[in-house]
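This is run_20.cif (mmCIF, C-alpha atoms and all ligand atoms).
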data_my_file
loop_
_atom_site.label_atom_id
_atom_site.label_comp_id
_atom_site.auth_asym_id
_atom_site.auth_seq_id
_atom_site.Cartn_x
_atom_site.Cartn_y
_atom_site.Cartn_z
CA MET A 1 -9.70 1.98 -16.70
CA SER A 2 -12.93 1.54 -18.58
CA GLY A 3 -15.79 -0.52 -17.27
CA SER A 4 -14.06 -1.23 -13.98
CA ALA A 5 -17.19 -0.43 -12.01
CA THR A 6 -18.73 -3.68 -13.11
CA LYS A 7 -15.78 -5.86 -12.12
CA HIS A 8 -16.34 -7.79 -8.91
CA TYR A 9 -12.70 -7.88 -7.90
CA VAL A 10 -9.87 -5.59 -8.95
CA GLY A 11 -6.70 -5.93 -6.92
CA ARG A 12 -3.34 -4.31 -7.35
CA PHE A 13 0.28 -4.38 -6.37
CA ALA A 14 1.76 -0.91 -6.02
CA PRO A 15 5.50 -0.97 -5.40
CA SER A 16 7.58 2.17 -5.12
CA PRO A 17 10.62 2.07 -7.40
CA THR A 18 13.04 2.66 -4.55
CA GLY A 19 15.00 -0.53 -5.13
CA PRO A 20 14.64 -4.08 -6.41
CA LEU A 21 11.91 -6.40 -5.16
CA HIS A 22 12.96 -7.97 -1.89
CA LEU A 23 11.51 -10.94 -0.13
CA GLY A 24 9.12 -8.76 1.87
CA SER A 25 7.70 -6.97 -1.18
CA LEU A 26 7.39 -10.18 -3.15
CA TYR A 27 5.55 -11.73 -0.21
CA THR A 28 2.97 -8.94 -0.35
CA ALA A 29 2.79 -9.09 -4.15
CA LEU A 30 2.14 -12.82 -3.99
CA ALA A 31 -0.55 -12.46 -1.32
CA SER A 32 -2.36 -9.85 -3.37
CA TYR A 33 -1.98 -11.84 -6.60
CA LEU A 34 -3.30 -15.05 -5.01
CA ASP A 35 -6.20 -13.25 -3.41
CA ALA A 36 -7.21 -11.70 -6.75
CA ARG A 37 -6.77 -14.80 -8.88
CA SER A 38 -8.45 -17.10 -6.38
CA GLN A 39 -11.54 -14.92 -6.80
CA HIS A 40 -11.16 -14.77 -10.58
CA GLY A 41 -10.35 -11.12 -10.20
CA TYR A 42 -8.23 -8.64 -12.06
CA TRP A 43 -4.80 -7.85 -10.75
CA LEU A 44 -3.12 -4.60 -11.74
CA LEU A 45 0.41 -3.34 -11.41
CA ARG A 46 0.96 0.26 -10.47
CA ILE A 47 4.35 1.84 -9.97
CA ASP A 48 4.15 4.42 -7.17
CA ASP A 49 6.82 6.72 -8.53
CA ILE A 50 5.85 10.24 -7.46
CA ASP A 51 8.29 10.49 -4.56
CA THR A 52 11.03 11.32 -7.04
CA PRO A 53 13.88 11.91 -4.57
CA ARG A 54 13.48 8.29 -3.45
CA ASN A 55 13.24 6.73 -6.90
CA ILE A 56 16.17 4.64 -8.06
CA ARG A 57 16.98 4.66 -11.75
CA GLY A 58 16.08 1.37 -13.40
CA ALA A 59 14.17 0.07 -10.38
CA SER A 60 10.74 -0.04 -12.06
CA GLU A 61 12.08 -1.96 -15.06
CA ARG A 62 13.72 -4.41 -12.71
CA ILE A 63 10.57 -4.85 -10.61
CA ILE A 64 8.58 -5.52 -13.77
CA ARG A 65 11.10 -8.06 -15.03
CA ASP A 66 11.28 -9.82 -11.70
CA LEU A 67 7.50 -10.09 -11.30
CA GLU A 68 7.40 -11.74 -14.70
CA LYS A 69 10.06 -14.24 -13.68
CA PHE A 70 7.92 -15.19 -10.73
CA GLY A 71 4.95 -15.72 -13.03
CA LEU A 72 2.99 -12.89 -11.43
CA HIS A 73 1.36 -11.60 -14.62
CA TRP A 74 -0.88 -8.58 -14.30
CA ASP A 75 -3.80 -7.36 -16.37
CA GLU A 76 -3.70 -4.27 -18.57
CA ARG A 77 -0.67 -2.08 -19.03
CA VAL A 78 1.56 -1.00 -16.18
CA TYR A 79 0.22 2.17 -14.63
CA TYR A 80 2.59 4.89 -13.33
CA GLN A 81 1.51 7.37 -10.69
CA SER A 82 3.63 10.03 -12.37
CA GLU A 83 1.14 10.01 -15.27
CA ASN A 84 -1.54 11.26 -12.96
CA LEU A 85 -0.03 14.44 -11.51
CA ALA A 86 -2.52 16.79 -13.17
CA ARG A 87 -5.39 14.88 -11.62
CA TYR A 88 -3.85 15.02 -8.14
CA PHE A 89 -3.40 18.78 -8.40
CA ASP A 90 -6.99 19.21 -9.62
CA ILE A 91 -8.19 17.45 -6.52
CA ILE A 92 -5.90 19.49 -4.30
CA THR A 93 -7.44 22.62 -5.86
CA GLN A 94 -10.91 21.23 -5.26
CA LEU A 95 -10.17 20.48 -1.59
CA SER A 96 -8.62 23.87 -1.22
CA GLU A 97 -11.70 25.59 -2.66
CA GLN A 98 -13.76 23.67 -0.13
CA GLN A 99 -11.59 25.28 2.60
CA LEU A 100 -10.37 21.86 3.66
CA LEU A 101 -6.65 22.59 3.30
CA TYR A 102 -4.29 25.08 4.81
CA ARG A 103 -0.65 26.03 4.37
CA CYS A 104 1.74 24.84 7.04
CA THR A 105 5.30 26.03 7.42
CA CYS A 106 6.12 24.06 10.56
CA SER A 107 9.21 21.92 10.38
CA ARG A 108 9.43 18.43 11.80
CA LYS A 109 12.12 19.74 14.11
CA SER A 110 10.09 22.65 15.44
CA LEU A 111 7.12 20.36 16.07
CA ALA A 112 9.28 17.82 17.87
CA ALA A 113 10.81 20.56 20.01
CA LEU A 114 7.37 21.88 20.87
CA ASN A 115 6.02 18.59 22.05
CA PRO A 116 8.52 15.74 21.96
CA HIS A 117 6.16 13.02 23.20
CA ASN A 118 3.06 13.87 21.28
CA PRO A 119 2.98 13.06 17.56
CA VAL A 120 -0.41 14.75 17.06
CA TYR A 121 -0.09 17.86 14.90
CA PRO A 122 -1.40 20.62 17.18
CA GLY A 123 -2.97 22.65 14.37
CA ILE A 124 -0.67 25.65 14.74
CA CYS A 125 -1.01 26.88 11.15
CA ARG A 126 -4.72 26.14 11.03
CA HIS A 127 -5.36 29.21 13.13
CA THR A 128 -2.54 31.51 12.08
CA CYS A 129 -1.53 32.79 8.71
CA PRO A 130 1.97 31.49 8.03
CA ASP A 131 4.49 33.58 6.11
CA PRO A 132 3.45 33.42 2.44
CA ALA A 133 7.09 33.69 1.37
CA LYS A 134 8.07 30.48 3.15
CA PRO A 135 7.76 27.05 1.53
CA ALA A 136 4.66 25.39 2.91
CA ALA A 137 3.08 21.98 3.02
CA LEU A 138 -0.68 21.63 2.65
CA ARG A 139 -2.50 19.96 5.49
CA LEU A 140 -5.96 18.48 5.34
CA LYS A 141 -8.32 19.41 8.17
CA THR A 142 -9.34 16.32 10.09
CA GLU A 143 -12.55 15.91 12.05
CA ASP A 144 -13.22 14.78 15.57
CA ILE A 145 -15.01 11.61 14.51
CA GLU A 146 -14.09 7.96 14.56
CA ILE A 147 -13.10 6.32 11.30
CA ASN A 148 -13.51 2.58 11.40
CA PHE A 149 -13.24 -0.32 9.02
CA ALA A 150 -13.17 -4.09 9.17
CA ASP A 151 -9.88 -5.47 7.94
CA ARG A 152 -10.25 -9.00 6.58
CA LEU A 153 -7.40 -10.21 8.78
CA GLN A 154 -6.87 -7.62 11.47
CA GLY A 155 -10.52 -7.17 12.44
CA LEU A 156 -12.12 -3.88 13.40
CA ILE A 157 -9.75 -0.93 13.25
CA ARG A 158 -10.71 2.49 14.57
CA GLN A 159 -9.03 5.82 14.72
CA ASN A 160 -10.03 9.34 15.57
CA LEU A 161 -7.85 11.32 13.20
CA SER A 162 -8.04 14.71 14.84
CA ARG A 163 -7.31 13.32 18.31
CA GLU A 164 -4.79 10.67 17.42
CA LEU A 165 -2.98 12.21 14.47
CA GLY A 166 -4.08 15.75 13.76
CA ASP A 167 -4.39 17.47 10.41
CA PHE A 168 -2.10 15.67 7.98
CA VAL A 169 -0.05 16.61 4.96
CA VAL A 170 -1.47 16.01 1.48
CA GLN A 171 1.11 18.04 -0.38
CA ARG A 172 4.64 18.28 0.91
CA LYS A 173 6.81 21.37 1.15
CA ASP A 174 8.72 20.20 -1.90
CA ASN A 175 5.34 20.21 -3.74
CA ILE A 176 5.25 16.44 -4.00
CA VAL A 177 1.77 15.03 -3.51
CA ALA A 178 1.66 12.91 -0.38
CA TYR A 179 1.26 9.17 -0.69
CA GLN A 180 -1.98 9.26 1.36
CA LEU A 181 -3.76 11.37 -1.23
CA ALA A 182 -2.26 9.93 -4.41
CA VAL A 183 -3.05 6.36 -3.42
CA VAL A 184 -6.72 7.15 -2.85
CA ILE A 185 -7.10 8.90 -6.20
CA ASP A 186 -5.35 6.10 -8.09
CA ASP A 187 -7.18 3.28 -6.38
CA TYR A 188 -10.46 4.97 -7.22
CA GLN A 189 -9.51 5.72 -10.81
CA GLN A 190 -8.32 2.19 -11.37
CA GLY A 191 -11.53 0.79 -9.92
CA ILE A 192 -9.70 -1.09 -7.17
CA THR A 193 -12.10 -3.10 -5.04
CA ASP A 194 -9.58 -4.97 -2.91
CA ILE A 195 -6.39 -3.77 -1.31
CA VAL A 196 -4.06 -6.44 -0.01
CA ARG A 197 -0.84 -4.97 1.34
CA GLY A 198 1.59 -5.06 4.23
CA PHE A 199 0.67 -4.49 7.84
CA ASP A 200 2.93 -1.45 7.92
CA LEU A 201 0.25 0.45 6.01
CA LEU A 202 -2.59 -0.45 8.38
CA ASP A 203 -2.34 2.83 10.23
CA SER A 204 -2.46 4.82 6.99
CA THR A 205 -5.82 3.34 6.12
CA PRO A 206 -8.05 5.58 8.29
CA ARG A 207 -6.49 8.63 6.60
CA GLN A 208 -7.19 7.11 3.20
CA ILE A 209 -10.78 6.31 4.15
CA PHE A 210 -11.26 9.86 5.39
CA ILE A 211 -10.07 11.20 2.02
CA GLN A 212 -12.34 8.74 0.15
CA GLN A 213 -15.28 10.02 2.17
CA LEU A 214 -14.45 13.65 1.40
CA LEU A 215 -14.21 12.88 -2.30
CA GLY A 216 -17.31 10.68 -2.37
CA TYR A 217 -15.40 7.58 -3.46
CA SER A 218 -16.48 4.08 -2.59
CA ARG A 219 -14.39 2.18 -0.08
CA PRO A 220 -12.39 -0.87 -1.14
CA ARG A 221 -12.07 -3.95 1.05
CA TYR A 222 -8.81 -4.12 2.97
CA MET A 223 -6.55 -6.92 4.03
CA HIS A 224 -3.26 -6.12 5.70
CA VAL A 225 -0.97 -9.09 5.77
CA PRO A 226 1.43 -9.58 8.67
CA LEU A 227 5.00 -8.64 8.08
CA ILE A 228 7.14 -11.51 7.00
CA VAL A 229 8.27 -13.89 9.74
CA ASP A 230 10.03 -17.22 9.37
CA GLU A 231 8.38 -20.62 9.80
CA GLN A 232 9.11 -20.53 13.53
CA GLY A 233 7.45 -17.16 13.88
CA VAL A 234 10.66 -15.18 14.23
CA LYS A 235 10.71 -11.88 12.41
CA LEU A 236 13.07 -12.10 9.45
CA SER A 237 15.95 -9.75 9.90
CA LYS A 238 16.04 -6.51 8.01
CA GLN A 239 18.90 -8.00 6.02
CA THR A 240 17.12 -11.14 4.78
CA HIS A 241 13.95 -9.26 4.20
CA ALA A 242 15.54 -6.37 2.32
CA GLU A 243 17.88 -8.35 0.10
CA ALA A 244 16.98 -8.44 -3.60
CA VAL A 245 15.17 -11.70 -4.36
CA ASP A 246 17.04 -14.40 -6.18
CA THR A 247 15.42 -14.66 -9.58
CA GLU A 248 17.60 -17.55 -10.71
CA LYS A 249 15.47 -20.09 -8.91
CA PRO A 250 12.01 -18.52 -8.76
CA GLU A 251 10.42 -21.90 -7.97
CA LYS A 252 12.40 -22.19 -4.75
CA THR A 253 11.55 -18.67 -3.69
CA LEU A 254 7.85 -19.14 -4.44
CA TYR A 255 7.79 -22.33 -2.40
CA ARG A 256 9.45 -20.55 0.48
CA LEU A 257 7.01 -17.65 0.25
CA LEU A 258 4.05 -20.02 0.29
CA ARG A 259 5.41 -21.47 3.51
CA LEU A 260 5.87 -18.00 4.93
CA LEU A 261 2.28 -17.23 3.89
CA ARG A 262 1.27 -20.35 5.88
CA GLN A 263 -0.26 -22.08 2.86
CA ASP A 264 1.44 -25.42 3.66
CA PRO A 265 2.72 -26.27 0.18
CA PRO A 266 3.43 -30.01 -0.23
CA LYS A 267 7.07 -31.04 -0.76
CA ILE A 268 6.26 -32.30 -4.24
CA LEU A 269 5.82 -28.70 -5.34
CA LEU A 270 9.57 -28.25 -4.89
CA LYS A 271 9.92 -30.07 -8.20
CA ALA A 272 7.25 -28.05 -9.98
CA GLN A 273 7.52 -25.17 -12.42
CA VAL A 274 6.51 -21.61 -11.58
CA GLU A 275 3.14 -21.85 -13.35
CA GLU A 276 2.24 -25.09 -11.59
CA ILE A 277 3.18 -23.72 -8.19
CA LEU A 278 1.02 -20.66 -8.73
CA GLU A 279 -1.86 -22.75 -10.00
CA TRP A 280 -1.71 -24.86 -6.85
CA ALA A 281 -1.51 -21.77 -4.68
CA VAL A 282 -4.42 -19.99 -6.37
CA ALA A 283 -6.63 -23.06 -5.94
CA ARG A 284 -5.74 -23.43 -2.24
CA TRP A 285 -5.36 -19.81 -1.20
CA ASN A 286 -6.62 -19.29 2.30
CA PRO A 287 -5.53 -16.00 3.80
CA GLN A 288 -7.09 -16.89 7.14
CA HIS A 289 -4.02 -19.08 7.81
CA LEU A 290 -2.13 -15.83 8.18
CA LYS A 291 -4.02 -15.27 11.42
CA LYS A 292 -1.64 -17.75 12.99
CA ILE A 293 1.06 -15.13 12.83
CA ARG A 294 -1.09 -12.23 13.77
CA ALA A 295 0.62 -11.71 17.09
CA ILE A 296 4.03 -10.97 15.66
CA HIS A 297 4.59 -7.55 14.23
N1 LIG A 301 3.74 2.23 -2.81
C1 LIG A 301 3.52 1.85 -1.45
C2 LIG A 301 4.75 1.16 -0.88
O1 LIG A 301 5.53 0.63 -1.65
C3 LIG A 301 2.38 0.87 -1.27
C4 LIG A 301 1.11 1.45 -1.66
C5 LIG A 301 -0.08 0.66 -1.17
O2 LIG A 301 -0.07 -0.58 -1.26
O3 LIG A 301 -1.02 1.29 -0.74
O4 LIG A 301 4.91 1.14 0.31
ZN ZN A 302 2.32 24.51 10.64
#
Structure translated into structure tokens:
Amino acid sequence: MSGSATKHYVGRFAPSPTGPLHLGSLYTALASYLDARSQHGYWLLRIDDIDTPRNIRGASERIIRDLEKFGLHWDERVYYQSENLARYFDIITQLSEQQLLYRCTCSRKSLAALNPHNPVYPGICRHTCPDPAKPAALRLKTEDIEINFADRLQGLIRQNLSRELGDFVVQRKDNIVAYQLAVVIDDYQQGITDIVRGFDLLDSTPRQIFIQQLLGYSRPRYMHVPLIVDEQGVKLSKQTHAEAVDTEKPEKTLYRLLRLLRQDPPKILLKAQVEEILEWAVARWNPQHLKKIRAIH
């Protein structure tokens, strides 16, 4: 993206094309859209499609169509992660030349058998030379330092990667670039200043910040929104949350989502059109109301 460095706010929604938009993904999309537009920012759409075994044929087209029905128009063209593979592999080569990566042939099963209660990767292949004939993942060497950041909703988050997680995979055994690395490269390249996404990705953030630091990238602001819970604070069931959204009555769904985002939409909005609802919501957007549901995850 040209000239992005001068833009004060560039947000994005980055769905994976693993199925249609469901209420939970639309909830996050709406939060990120409202946050961007309320600050007169840019809002980009990126399709995170590099995990090819998980992609569902036709899902990106459907996501794009559905976002349009909900009036969530993005700036610029749709960006696909799969266009950026060469860049990811360049950076993997660069990290490798800096001696920051190593091959790892451990299987999930062998690691679990070794230490069933400890999810920290013990660094086995960091100190041995695994069989060059075996398929290997590439792990990034972590450091024994605290990574911390202030999330706009969740407050101060800290993690010591080497103690709490261990060296982590940046390229999988099937040669697919790991989400943690790809997302950092794309967000940087697209000039993203603000990441608004679901709480389920909060614990990925320290890894992403660590990679940004290694690559000398600037750090975006983060806001992780609570997972979707109903008006009474009860977590919506997997079923309700995972069902494809009804695009026949987008107004009704938007109204419901605004309630779930604790924006207190007035009843009169039930009679409004999509554009009017969004206009209201952009003008009133206050993500701090989401703190009311902070306790439920
Ligand atoms: N593509 C990721 C997902 O659908 C989200 C990426 C992100 O927001 O960082 O879970
Ligand atoms: Zn290993």
Which residues of chain A come within 7 Å of ligand ZN 302 (chain A), and for each one, what is the closest pair of atoms and their distance in Å to one decimal, counting all atoms listed in the file, sorted by chain and residue number, as a tab-separated table?
residue	atom	partner	partner_atom	distance
A:Cys104	CA	A:ZN302	ZN	3.7
A:Thr105	CA	A:ZN302	ZN	4.6
A:Cys106	CA	A:ZN302	ZN	3.8
A:Gly123	CA	A:ZN302	ZN	6.7
A:Ile124	CA	A:ZN302	ZN	5.2
A:Cys125	CA	A:ZN302	ZN	4.1
Considering only C-alpha atoms, return as an mmCIF file with C-alpha atoms, keeping the file's coordinate frame whatever protein or nucleic-acid residues lie within 10 Å of Arg139 (chain A), sequence-local ones (same chain, fewer than 5 positions apart) excluded.
data_model
loop_
_atom_site.group_PDB
_atom_site.id
_atom_site.type_symbol
_atom_site.label_atom_id
_atom_site.label_comp_id
_atom_site.auth_asym_id
_atom_site.auth_seq_id
_atom_site.Cartn_x
_atom_site.Cartn_y
_atom_site.Cartn_z
ATOM 1 C CA SER A 96 -8.620 23.870 -1.220
ATOM 2 C CA LEU A 100 -10.370 21.860 3.660
ATOM 3 C CA LEU A 101 -6.650 22.590 3.300
ATOM 4 C CA TYR A 102 -4.290 25.080 4.810
ATOM 5 C CA ARG A 103 -0.650 26.030 4.370
ATOM 6 C CA CYS A 104 1.740 24.840 7.040
ATOM 7 C CA TYR A 121 -0.090 17.860 14.900
ATOM 8 C CA GLY A 123 -2.970 22.650 14.370
ATOM 9 C CA CYS A 125 -1.010 26.880 11.150
ATOM 10 C CA ARG A 126 -4.720 26.140 11.030
ATOM 11 C CA GLY A 166 -4.080 15.750 13.760
ATOM 12 C CA ASP A 167 -4.390 17.470 10.410
ATOM 13 C CA PHE A 168 -2.100 15.670 7.980
ATOM 14 C CA VAL A 169 -0.050 16.610 4.960
ATOM 15 C CA VAL A 170 -1.470 16.010 1.480
ATOM 16 C CA GLN A 171 1.110 18.040 -0.380
ATOM 17 C CA ARG A 172 4.640 18.280 0.910
#
- Task: Considering only C-alpha atoms, return as a count of residues only whatever protein or nucleic-acid residues lie within 8 Å of region 261-277 of chain A, sequence-local ones (same chain, fewer than 6 positions apart) excluded.
- Result: 15
For chain A against ligand LIG 301 (chain A), with a cut-off of 6 Å and counting all atoms listed in the file, what is the closest atom pair and its distance in Å to one decimal for every residue that makes the cut, ordered by chain and number, as a tab-separated table?
residue	atom	partner	partner_atom	distance
A:Ala14	CA	A:LIG301	N1	4.9
A:Pro15	CA	A:LIG301	O1	4.1
A:Ser16	CA	A:LIG301	O1	4.3
A:Asp48	CA	A:LIG301	N1	4.9
A:Arg197	CA	A:LIG301	O2	5.2
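With CA of Leu67 (chain A) on one side and CA of Glu248 (chain A) on the other, the separation reads 12.6 Å.
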- Message: At a cut-off of 8 Å around the point (4.1, 10.7, 12.4) (file coordinates), what residues fall inside when counting only C-alpha atoms? I'd like the answer as a ChimeraX atom specification.
- Response: /A:119-120,165
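With only C-alpha atoms taken into account, every residue lying no more than 9 Å from the file point (14.4, -5.7, -5.6) is included here: A:Pro17, A:Thr18, A:Gly19, A:Pro20, A:Leu21, A:His22, A:Leu23, A:Ser25, A:Leu26, A:Ala59, A:Arg62, A:Ile63, A:Asp66, A:Ala242, A:Glu243, A:Ala244, A:Val245.
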Generate the output file for the selected residues, C-alpha atoms, as a JSON list (two decimals), in the frame of the given file.
[["chain", "number", "residue", "atom", "x", "y", "z"],
["A", 17, "PRO", "CA", 10.62, 2.07, -7.40],
["A", 18, "THR", "CA", 13.04, 2.66, -4.55],
["A", 19, "GLY", "CA", 15.00, -0.53, -5.13],
["A", 20, "PRO", "CA", 14.64, -4.08, -6.41],
["A", 21, "LEU", "CA", 11.91, -6.40, -5.16],
["A", 22, "HIS", "CA", 12.96, -7.97, -1.89],
["A", 23, "LEU", "CA", 11.51, -10.94, -0.13],
["A", 25, "SER", "CA", 7.70, -6.97, -1.18],
["A", 26, "LEU", "CA", 7.39, -10.18, -3.15],
["A", 59, "ALA", "CA", 14.17, 0.07, -10.38],
["A", 62, "ARG", "CA", 13.72, -4.41, -12.71],
["A", 63, "ILE", "CA", 10.57, -4.85, -10.61],
["A", 66, "ASP", "CA", 11.28, -9.82, -11.70],
["A", 242, "ALA", "CA", 15.54, -6.37, 2.32],
["A", 243, "GLU", "CA", 17.88, -8.35, 0.10],
["A", 244, "ALA", "CA", 16.98, -8.44, -3.60],
["A", 245, "VAL", "CA", 15.17, -11.70, -4.36]]
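A straight line drawn from CA of Gln81 (chain A) to CA of Asp186 (chain A) is 7.4 Å long.
The nearest approach to Pro53 (chain A) among the residues A:Gly216, A:Asp35, A:Glu279, A:Asn175, with only C-alpha atoms taken into account, belongs to A:Asn175.
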Please reconstruct the missing atoms of region 276-292 of chain A (target: N, CA, C and O atoms) and return them as a PDB file, keeping the file's coordinate frame.
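After the write, selection_38.pdb holds the following:
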ATOM      1  N   GLU A 276       2.931 -24.041 -12.364  1.00  0.00           N
ATOM      2  CA  GLU A 276       2.240 -25.090 -11.590  1.00  0.00           C
ATOM      3  C   GLU A 276       2.121 -24.698 -10.110  1.00  0.00           C
ATOM      4  O   GLU A 276       1.093 -24.944  -9.470  1.00  0.00           O
ATOM      5  N   ILE A 277       3.185 -24.128  -9.607  1.00  0.00           N
ATOM      6  CA  ILE A 277       3.180 -23.720  -8.190  1.00  0.00           C
ATOM      7  C   ILE A 277       2.078 -22.677  -7.977  1.00  0.00           C
ATOM      8  O   ILE A 277       1.284 -22.763  -7.037  1.00  0.00           O
ATOM      9  N   LEU A 278       2.022 -21.724  -8.892  1.00  0.00           N
ATOM     10  CA  LEU A 278       1.020 -20.660  -8.730  1.00  0.00           C
ATOM     11  C   LEU A 278      -0.400 -21.221  -8.878  1.00  0.00           C
ATOM     12  O   LEU A 278      -1.315 -20.824  -8.158  1.00  0.00           O
ATOM     13  N   GLU A 279      -0.545 -22.145  -9.810  1.00  0.00           N
ATOM     14  CA  GLU A 279      -1.860 -22.750 -10.000  1.00  0.00           C
ATOM     15  C   GLU A 279      -2.328 -23.444  -8.725  1.00  0.00           C
ATOM     16  O   GLU A 279      -3.467 -23.305  -8.285  1.00  0.00           O
ATOM     17  N   TRP A 280      -1.397 -24.190  -8.116  1.00  0.00           N
ATOM     18  CA  TRP A 280      -1.710 -24.860  -6.850  1.00  0.00           C
ATOM     19  C   TRP A 280      -2.120 -23.830  -5.806  1.00  0.00           C
ATOM     20  O   TRP A 280      -3.125 -23.968  -5.119  1.00  0.00           O
ATOM     21  N   ALA A 281      -1.305 -22.768  -5.744  1.00  0.00           N
ATOM     22  CA  ALA A 281      -1.510 -21.770  -4.680  1.00  0.00           C
ATOM     23  C   ALA A 281      -2.814 -20.998  -4.863  1.00  0.00           C
ATOM     24  O   ALA A 281      -3.497 -20.687  -3.887  1.00  0.00           O
ATOM     25  N   VAL A 282      -3.166 -20.711  -6.112  1.00  0.00           N
ATOM     26  CA  VAL A 282      -4.420 -19.990  -6.370  1.00  0.00           C
ATOM     27  C   VAL A 282      -5.596 -20.861  -5.923  1.00  0.00           C
ATOM     28  O   VAL A 282      -6.527 -20.398  -5.250  1.00  0.00           O
ATOM     29  N   ALA A 283      -5.516 -22.156  -6.257  1.00  0.00           N
ATOM     30  CA  ALA A 283      -6.630 -23.060  -5.940  1.00  0.00           C
ATOM     31  C   ALA A 283      -6.788 -23.231  -4.420  1.00  0.00           C
ATOM     32  O   ALA A 283      -7.892 -23.417  -3.923  1.00  0.00           O
ATOM     33  N   ARG A 284      -5.684 -23.174  -3.690  1.00  0.00           N
ATOM     34  CA  ARG A 284      -5.740 -23.430  -2.240  1.00  0.00           C
ATOM     35  C   ARG A 284      -5.726 -22.176  -1.383  1.00  0.00           C
ATOM     36  O   ARG A 284      -5.730 -22.285  -0.154  1.00  0.00           O
ATOM     37  N   TRP A 285      -5.601 -21.042  -1.986  1.00  0.00           N
ATOM     38  CA  TRP A 285      -5.360 -19.810  -1.200  1.00  0.00           C
ATOM     39  C   TRP A 285      -6.352 -19.655  -0.051  1.00  0.00           C
ATOM     40  O   TRP A 285      -7.567 -19.658  -0.252  1.00  0.00           O
ATOM     41  N   ASN A 286      -5.790 -19.563   1.142  1.00  0.00           N
ATOM     42  CA  ASN A 286      -6.620 -19.290   2.300  1.00  0.00           C
ATOM     43  C   ASN A 286      -5.910 -18.291   3.207  1.00  0.00           C
ATOM     44  O   ASN A 286      -5.058 -18.657   4.014  1.00  0.00           O
ATOM     45  N   PRO A 287      -6.261 -17.014   3.037  1.00  0.00           N
ATOM     46  CA  PRO A 287      -5.530 -16.000   3.800  1.00  0.00           C
ATOM     47  C   PRO A 287      -5.760 -16.100   5.309  1.00  0.00           C
ATOM     48  O   PRO A 287      -4.976 -15.570   6.086  1.00  0.00           O
ATOM     49  N   GLN A 288      -6.825 -16.801   5.698  1.00  0.00           N
ATOM     50  CA  GLN A 288      -7.090 -16.890   7.140  1.00  0.00           C
ATOM     51  C   GLN A 288      -5.952 -17.603   7.890  1.00  0.00           C
ATOM     52  O   GLN A 288      -5.760 -17.405   9.088  1.00  0.00           O
ATOM     53  N   HIS A 289      -5.180 -18.432   7.165  1.00  0.00           N
ATOM     54  CA  HIS A 289      -4.020 -19.080   7.810  1.00  0.00           C
ATOM     55  C   HIS A 289      -3.019 -18.056   8.336  1.00  0.00           C
ATOM     56  O   HIS A 289      -2.227 -18.350   9.209  1.00  0.00           O
ATOM     57  N   LEU A 290      -3.069 -16.866   7.752  1.00  0.00           N
ATOM     58  CA  LEU A 290      -2.130 -15.830   8.180  1.00  0.00           C
ATOM     59  C   LEU A 290      -2.450 -15.339   9.595  1.00  0.00           C
ATOM     60  O   LEU A 290      -1.624 -14.701  10.232  1.00  0.00           O
ATOM     61  N   LYS A 291      -3.652 -15.672  10.053  1.00  0.00           N
ATOM     62  CA  LYS A 291      -4.020 -15.270  11.420  1.00  0.00           C
ATOM     63  C   LYS A 291      -3.107 -15.908  12.437  1.00  0.00           C
ATOM     64  O   LYS A 291      -2.923 -15.398  13.533  1.00  0.00           O
ATOM     65  N   LYS A 292      -2.543 -17.060  12.055  1.00  0.00           N
ATOM     66  CA  LYS A 292      -1.640 -17.750  12.990  1.00  0.00           C
ATOM     67  C   LYS A 292      -0.444 -16.899  13.353  1.00  0.00           C
ATOM     68  O   LYS A 292       0.212 -17.156  14.345  1.00  0.00           O
TER      69      LYS A 292
END
